[in-house]
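Just query_10.cif here, mmCIF, C-alpha atoms:
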```
data_coords
loop_
_atom_site.label_atom_id
_atom_site.label_comp_id
_atom_site.auth_asym_id
_atom_site.auth_seq_id
_atom_site.Cartn_x
_atom_site.Cartn_y
_atom_site.Cartn_z
CA MET A 5 12.76 -3.61 -7.86
CA GLN A 6 13.03 0.16 -8.07
CA ILE A 7 9.35 0.38 -8.94
CA TYR A 8 8.47 -0.38 -5.32
CA ASN A 9 10.34 2.71 -4.12
CA TYR A 10 8.39 4.86 -6.56
CA ILE A 11 5.02 3.37 -5.57
CA ALA A 12 5.94 3.78 -1.89
CA HIS A 13 6.50 7.48 -2.53
CA LEU A 14 2.91 7.83 -3.75
CA PHE A 15 1.56 6.11 -0.63
CA ASN A 16 3.37 8.52 1.68
CA TYR A 17 1.80 11.74 2.93
CA PRO A 18 2.02 14.12 -0.05
CA THR A 19 4.98 16.51 -0.15
CA GLY A 20 6.85 18.18 -2.97
CA ASP A 21 6.55 17.70 -6.71
CA TYR A 22 5.54 14.34 -8.22
CA ARG A 23 6.38 14.82 -11.89
CA THR A 24 9.72 12.98 -11.77
CA VAL A 25 8.32 10.01 -9.84
CA VAL A 26 5.30 9.80 -12.12
CA GLU A 27 7.51 9.84 -15.23
CA LYS A 28 9.68 7.06 -13.81
CA LEU A 29 6.65 4.99 -12.88
CA HIS A 30 5.20 5.43 -16.35
CA LEU A 31 8.35 3.87 -17.78
CA GLU A 32 8.34 1.09 -15.17
CA PHE A 33 4.71 0.16 -15.87
CA GLN A 34 5.51 -0.33 -19.54
CA GLU A 35 7.30 -3.51 -18.45
CA TYR A 36 3.96 -4.82 -17.13
CA GLY A 37 1.89 -4.29 -20.27
CA GLN A 38 -0.27 -1.62 -21.84
CA SER A 39 -3.15 -2.22 -19.44
CA ALA A 40 -0.93 -1.25 -16.51
CA VAL A 41 0.14 1.90 -18.33
CA ASP A 42 -3.50 2.78 -19.06
CA ASP A 43 -4.58 2.11 -15.47
CA PHE A 44 -1.79 4.35 -14.22
CA LEU A 45 -2.95 7.38 -16.21
CA PRO A 46 -5.65 8.51 -13.70
CA VAL A 47 -3.14 8.11 -10.88
CA ALA A 48 -0.57 10.13 -12.81
CA ARG A 49 -3.07 12.92 -13.47
CA HIS A 50 -4.06 13.00 -9.81
CA PHE A 51 -0.50 13.55 -8.60
CA THR A 52 0.55 15.99 -11.31
CA SER A 53 -2.54 18.16 -11.76
CA LYS A 54 -3.44 19.04 -8.17
CA GLN A 55 -1.98 21.51 -5.71
CA ILE A 56 -0.09 19.98 -2.78
CA SER A 57 -2.82 21.14 -0.38
CA GLU A 58 -5.45 19.26 -2.43
CA LEU A 59 -3.30 16.11 -2.46
CA GLN A 60 -2.85 16.32 1.29
CA GLU A 61 -6.58 16.81 1.89
CA TYR A 62 -7.37 13.82 -0.33
CA TYR A 63 -4.81 11.65 1.48
CA ILE A 64 -6.12 12.62 4.93
CA ARG A 65 -9.70 11.88 3.96
CA THR A 66 -8.72 8.49 2.61
CA PHE A 67 -6.38 7.25 5.33
CA ASP A 68 -6.59 9.40 8.46
CA VAL A 69 -10.12 10.70 9.10
CA ASN A 70 -11.65 8.34 11.67
CA ALA A 71 -8.96 5.82 10.63
CA THR A 72 -11.25 4.42 7.93
CA CYS A 73 -8.43 2.80 5.99
CA TYR A 74 -5.16 1.59 7.49
CA LEU A 75 -1.81 1.37 5.75
CA ASP A 76 -0.21 -0.66 8.55
CA ILE A 77 0.01 -4.18 7.13
CA GLY A 78 0.05 -5.94 10.49
CA TYR A 79 -3.19 -4.26 11.53
CA VAL A 80 -4.86 -5.21 8.25
CA LEU A 81 -3.82 -8.85 8.76
CA PHE A 82 -4.42 -9.26 12.48
CA GLY A 83 -6.46 -6.34 13.79
CA GLU A 84 -5.77 -5.90 17.50
CA GLU A 85 -4.68 -9.52 17.97
CA SER A 86 -1.39 -10.16 19.78
CA LYS A 87 -0.02 -11.60 16.54
CA ARG A 88 0.10 -8.05 15.21
CA GLY A 89 2.63 -7.14 17.90
CA GLN A 90 4.86 -10.07 17.01
CA PHE A 91 4.60 -9.26 13.32
CA LEU A 92 5.56 -5.65 14.05
CA LEU A 93 8.59 -6.76 16.07
CA ASN A 94 9.72 -9.03 13.25
CA MET A 95 9.27 -6.27 10.70
CA ARG A 96 11.21 -3.82 12.84
CA SER A 97 14.06 -6.31 13.04
CA GLU A 98 14.09 -6.76 9.25
CA GLN A 99 13.95 -3.01 8.67
CA GLN A 100 16.92 -2.48 10.97
CA LYS A 101 18.85 -5.35 9.40
CA ALA A 102 18.34 -3.80 5.95
CA GLY A 103 19.12 -0.29 7.15
CA ASN A 104 15.78 0.98 5.89
CA ASP A 105 14.75 4.28 7.46
CA CYS A 106 11.09 4.05 8.57
CA GLY A 107 10.87 7.67 9.67
CA THR A 108 8.07 8.30 12.16
CA GLU A 109 5.86 5.46 10.88
CA PHE A 110 5.66 1.84 12.01
CA ALA A 111 7.90 -0.78 10.45
CA ASP A 112 4.85 -2.44 8.86
CA HIS A 113 3.56 0.80 7.30
CA LEU A 114 2.97 0.04 3.62
CA PRO A 115 5.50 2.54 2.19
CA ASN A 116 8.14 1.20 4.59
CA VAL A 117 7.41 -2.38 3.57
CA LEU A 118 7.67 -1.44 -0.10
CA THR A 119 11.00 0.35 0.31
CA LEU A 120 12.26 -2.65 2.28
CA LEU A 121 11.66 -5.11 -0.56
CA PRO A 122 14.59 -4.02 -2.80
CA LYS A 123 16.91 -4.08 0.22
CA ILE A 124 16.19 -7.65 1.33
CA GLU A 125 19.16 -9.81 0.39
CA ASP A 126 17.43 -13.14 1.05
CA LYS A 127 15.27 -13.55 -2.07
CA LEU A 128 13.34 -16.46 -0.56
CA PHE A 129 12.40 -14.40 2.49
CA ARG A 130 11.35 -11.51 0.25
CA GLU A 131 9.11 -13.86 -1.71
CA GLU A 132 7.59 -15.27 1.47
CA LEU A 133 6.91 -11.78 2.87
CA VAL A 134 5.19 -10.70 -0.34
CA VAL A 135 3.15 -13.84 -1.05
CA SER A 136 2.27 -14.86 2.51
CA MET A 137 1.69 -11.46 4.10
CA LEU A 138 1.76 -8.41 1.83
CA LEU A 139 -0.50 -9.61 -0.99
CA PRO A 140 -3.24 -10.95 1.34
CA ALA A 141 -3.23 -7.61 3.19
CA LEU A 142 -3.45 -5.57 -0.01
CA LYS A 143 -6.28 -7.72 -1.39
CA HIS A 144 -8.15 -7.37 1.89
CA MET A 145 -7.79 -3.60 1.67
CA LEU A 146 -9.14 -3.67 -1.87
CA ASP A 147 -12.10 -5.84 -0.87
CA ASN A 148 -13.04 -3.33 1.82
CA PHE A 149 -12.69 -0.18 -0.27
CA ARG A 150 -16.20 1.15 -0.75
CA THR A 151 -15.29 3.87 -3.27
CA GLU A 152 -14.33 2.67 -6.73
CA GLU A 153 -13.28 6.14 -7.86
CA ASN A 154 -10.74 6.64 -5.06
CA ILE A 155 -7.34 7.10 -6.68
CA TYR A 156 -5.58 5.06 -4.00
CA LYS A 157 -7.73 2.05 -4.79
CA GLY A 158 -6.47 2.25 -8.35
CA LEU A 159 -2.91 2.49 -7.09
CA LEU A 160 -3.45 -0.53 -4.83
CA LYS A 161 -4.73 -2.54 -7.80
CA LEU A 162 -1.61 -1.65 -9.77
CA LEU A 163 0.61 -2.62 -6.86
CA VAL A 164 -1.09 -6.02 -6.60
CA GLN A 165 -0.64 -6.55 -10.33
CA VAL A 166 3.07 -5.75 -10.12
CA LEU A 167 3.62 -7.99 -7.10
CA GLU A 168 1.70 -10.90 -8.63
CA THR A 169 3.76 -10.57 -11.80
CA ASP A 170 7.09 -10.35 -10.00
CA PHE A 171 6.31 -13.20 -7.61
CA LYS A 172 4.19 -15.50 -9.76
CA ASP A 173 4.17 -19.29 -9.36
CA SER A 174 5.30 -19.05 -5.75
CA ALA A 175 5.05 -22.10 -3.50
CA PHE A 176 4.36 -19.98 -0.41
CA VAL A 177 0.84 -20.03 1.01
CA PRO A 178 -1.04 -16.73 1.54
CA TYR A 179 -2.08 -15.96 5.10
CA GLN A 180 -5.82 -16.42 5.63
CA ILE A 181 -7.23 -13.35 7.31
CA ASN A 182 -9.81 -14.06 10.03
CA GLN A 183 -12.43 -11.46 9.09
CA HIS A 184 -14.58 -12.15 12.16
CA GLU A 185 -11.76 -11.48 14.61
CA ILE A 186 -10.78 -8.28 12.82
CA GLU A 187 -14.38 -7.03 12.81
CA CYS A 188 -14.64 -7.74 16.50
CA ALA A 189 -11.46 -5.72 17.01
CA GLY A 190 -13.16 -2.71 15.48
CA ALA A 191 -11.22 -2.64 12.25
CA TYR A 192 -12.06 -0.58 9.21
CA SER A 193 -14.02 -0.45 6.02
CA CYS A 194 -11.78 1.33 3.54
CA GLY A 195 -13.15 4.49 2.05
CA MET A 196 -16.62 4.35 3.61
CA ASP A 197 -16.31 7.53 5.68
CA PHE A 198 -14.37 9.14 2.86
CA THR A 199 -17.45 9.17 0.67
CA LYS A 200 -19.51 10.77 3.42
CA LEU A 201 -16.98 13.46 4.29
CA LYS A 202 -15.72 14.69 0.96
CA THR A 203 -17.10 18.06 -0.07
CA LYS A 204 -16.10 18.02 -3.70
CA LYS A 205 -15.62 15.41 -6.40
CA TYR A 206 -12.03 14.42 -7.16
#
```
As structure tokens, how would this structure be written, given the file I've shared?
Amino acid sequence: MQIYNYIAHLFNYPTGDYRTVVEKLHLEFQEYGQSAVDDFLPVARHFTSKQISELQEYYIRTFDVNATCYLDIGYVLFGEESKRGQFLLNMRSEQQKAGNDCGTEFADHLPNVLTLLPKIEDKLFREELVVSMLLPALKHMLDNFRTEENIYKGLLKLLVQVLETDFKDSAFVPYQINQHEIECAGAYSCGMDFTKLKTKKY
């Protein structure tokens, strides 16, 4: 389960050096087949070949500018519906129970959810959280990403592959996202504004 901590690190706002995390992830992805290793290579190059200021600019353009792509799982699933508030309360309770430090972000922020997974003692609950909530949210994010070349889309695809491998043949039912209600709530289209705003090719 350590792989989720490493992937979470890459989804956080960029700070410090990434060589150690990238090396560890390279070894972890070998357990998921050569295709996963190959798909990780562009991600690895991104985090090890750029200056920290470039990584931060790329991150901001992907996730923060005009809030074009959200990393808060509850918002992806429910938009502004009241169910998002209840989901957030439940996640906060689970984070506190596990002693997982969420920093300044919400309890349903993707990196916080990923670092929570290895700390959940109830394996059945962990499976339900992943299959019923996390995977549908990640797939919805992927469906709405308008930029194929964005490095975070590649990382999301790898995360989905890892989760589907680790939690295959589950009996839990994925949550069905109501696209109409989310659109009415003014939700996002991942990466659309990113393509308009970037000034150089990454």
Given all atoms listed in the file, how would the per-residue table for region 20-100 of chain A near region 117-141 of chain A read, listing every residue at most 7 Å away with its closest atom pair and distance in Å to one decimal, sorted by chain and number, as a Markdown table?
```
| residue | atom | partner | partner_atom | distance |
| --- | --- | --- | --- | --- |
| A:Ile77 | CA | A:Ala141 | CA | 6.1 |
| A:Val80 | CA | A:Ala141 | CA | 5.8 |
| A:Leu81 | CA | A:Ala141 | CA | 5.7 |
| A:Gln99 | CA | A:Leu120 | CA | 6.6 |
```
Generate a file of the selected residues that holds C-alpha atoms, formatted as a PDB file, in the coordinates of the input.
```
ATOM      1  CA  ILE A  77       0.010  -4.180   7.130  1.00  0.00           C
ATOM      2  CA  VAL A  80      -4.860  -5.210   8.250  1.00  0.00           C
ATOM      3  CA  LEU A  81      -3.820  -8.850   8.760  1.00  0.00           C
ATOM      4  CA  GLN A  99      13.950  -3.010   8.670  1.00  0.00           C
TER       5      GLN A  99
END
```
Q) What does the distance from CA of Asn154 (chain A) to CA of Tyr62 (chain A) come to in Å, to one decimal? A)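 Atom-to-atom, CA of Asn154 (chain A) and CA of Tyr62 (chain A) are spaced 9.2 Å apart.
Taking all atoms listed in the file into account, Phe67 (chain A) lies nearest to A:Met145 out of the set A:Ala12, A:Ile7, A:Ala111, A:Met145.
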Q.
Starting from the PyMOL selection byres ((chain A and resi 115) around 9), expand the selection into actual residues of this file and give them as an NGL selection string.
A. :A and (8-9 or 11-16 or 75 or 106 or 112-114 or 116-120)
Export of the given selection (C-alpha atoms) as a compact mmCIF listing (two decimals), keeping the file's coordinate frame:
```txt
# COMPACT_ATOMS: atom_id res chain seq x y z
CA TYR A 8 8.47 -0.38 -5.32
CA ASN A 9 10.34 2.71 -4.12
CA ILE A 11 5.02 3.37 -5.57
CA ALA A 12 5.94 3.78 -1.89
CA HIS A 13 6.50 7.48 -2.53
CA LEU A 14 2.91 7.83 -3.75
CA PHE A 15 1.56 6.11 -0.63
CA ASN A 16 3.37 8.52 1.68
CA LEU A 75 -1.81 1.37 5.75
CA CYS A 106 11.09 4.05 8.57
CA ASP A 112 4.85 -2.44 8.86
CA HIS A 113 3.56 0.80 7.30
CA LEU A 114 2.97 0.04 3.62
CA ASN A 116 8.14 1.20 4.59
CA VAL A 117 7.41 -2.38 3.57
CA LEU A 118 7.67 -1.44 -0.10
CA THR A 119 11.00 0.35 0.31
CA LEU A 120 12.26 -2.65 2.28
```
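In terms of minimum interatomic distance to Phe149 (chain A), A:Tyr74 ranks closest within A:Tyr36, A:Tyr10, A:Phe44, A:Tyr74, counting all atoms listed in the file.
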Q.
So that I can check the surroundings of Tyr156 (chain A), please list as a ChimeraX atom specification every protein, DNA and RNA residue that reaches within 9 Å of it, counting all atoms listed in the file and ignoring chain neighbours fewer than 4 positions away.
A. /A:14-15,47,63,66,160-161
For the residues in the current selection, export C-alpha atoms as a PDB file, in the frame of the given file.
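So the final result, stored in out-v3.pdb, reads:
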```pdb
ATOM      1  CA  LEU A  14       2.910   7.830  -3.750  1.00  0.00           C
ATOM      2  CA  PHE A  15       1.560   6.110  -0.630  1.00  0.00           C
ATOM      3  CA  VAL A  47      -3.140   8.110 -10.880  1.00  0.00           C
ATOM      4  CA  TYR A  63      -4.810  11.650   1.480  1.00  0.00           C
ATOM      5  CA  THR A  66      -8.720   8.490   2.610  1.00  0.00           C
ATOM      6  CA  LEU A 160      -3.450  -0.530  -4.830  1.00  0.00           C
ATOM      7  CA  LYS A 161      -4.730  -2.540  -7.800  1.00  0.00           C
TER       8      LYS A 161
END
```
Q) CA of Asp173 (chain A) and CA of Met5 (chain A), how far apart in Å? A)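 CA of Asp173 (chain A) lies 17.9 Å from CA of Met5 (chain A).
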Q. At most 9 Å from (5.8, 10.8, -10.0), file frame, all atoms listed in the file: which residues, as a VMD selection string?
A. chain A and resid 10 to 11 13 to 14 21 to 30 48 51 to 52
Q: Just the residues within 8 Å of Gln60 (chain A), please, counting all atoms listed in the file, with nothing from its chain fewer than 2 positions along; format it as a list in words.
A: Tyr17, Pro18, Thr19, Ile56, Ser57, Glu58, Tyr62, Tyr63 and Ile64 of chain A
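Reported to one decimal place, the separation of CA of Glu153 (chain A) from CA of Lys54 (chain A) is 16.2 Å.
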Using the file's own x, y and z axes, so that the box edges lie along x, y and z, what centre and edge lengths in Å (one decimal) does a box around every listed atom of region 20-28 of chain A get when 4 Å is added on each side? Give it as AutoDock Vina command-line options.
```
--center_x 7.5 --center_y 12.6 --center_z -9.1 --size_x 12.4 --size_y 19.1 --size_z 20.3
```
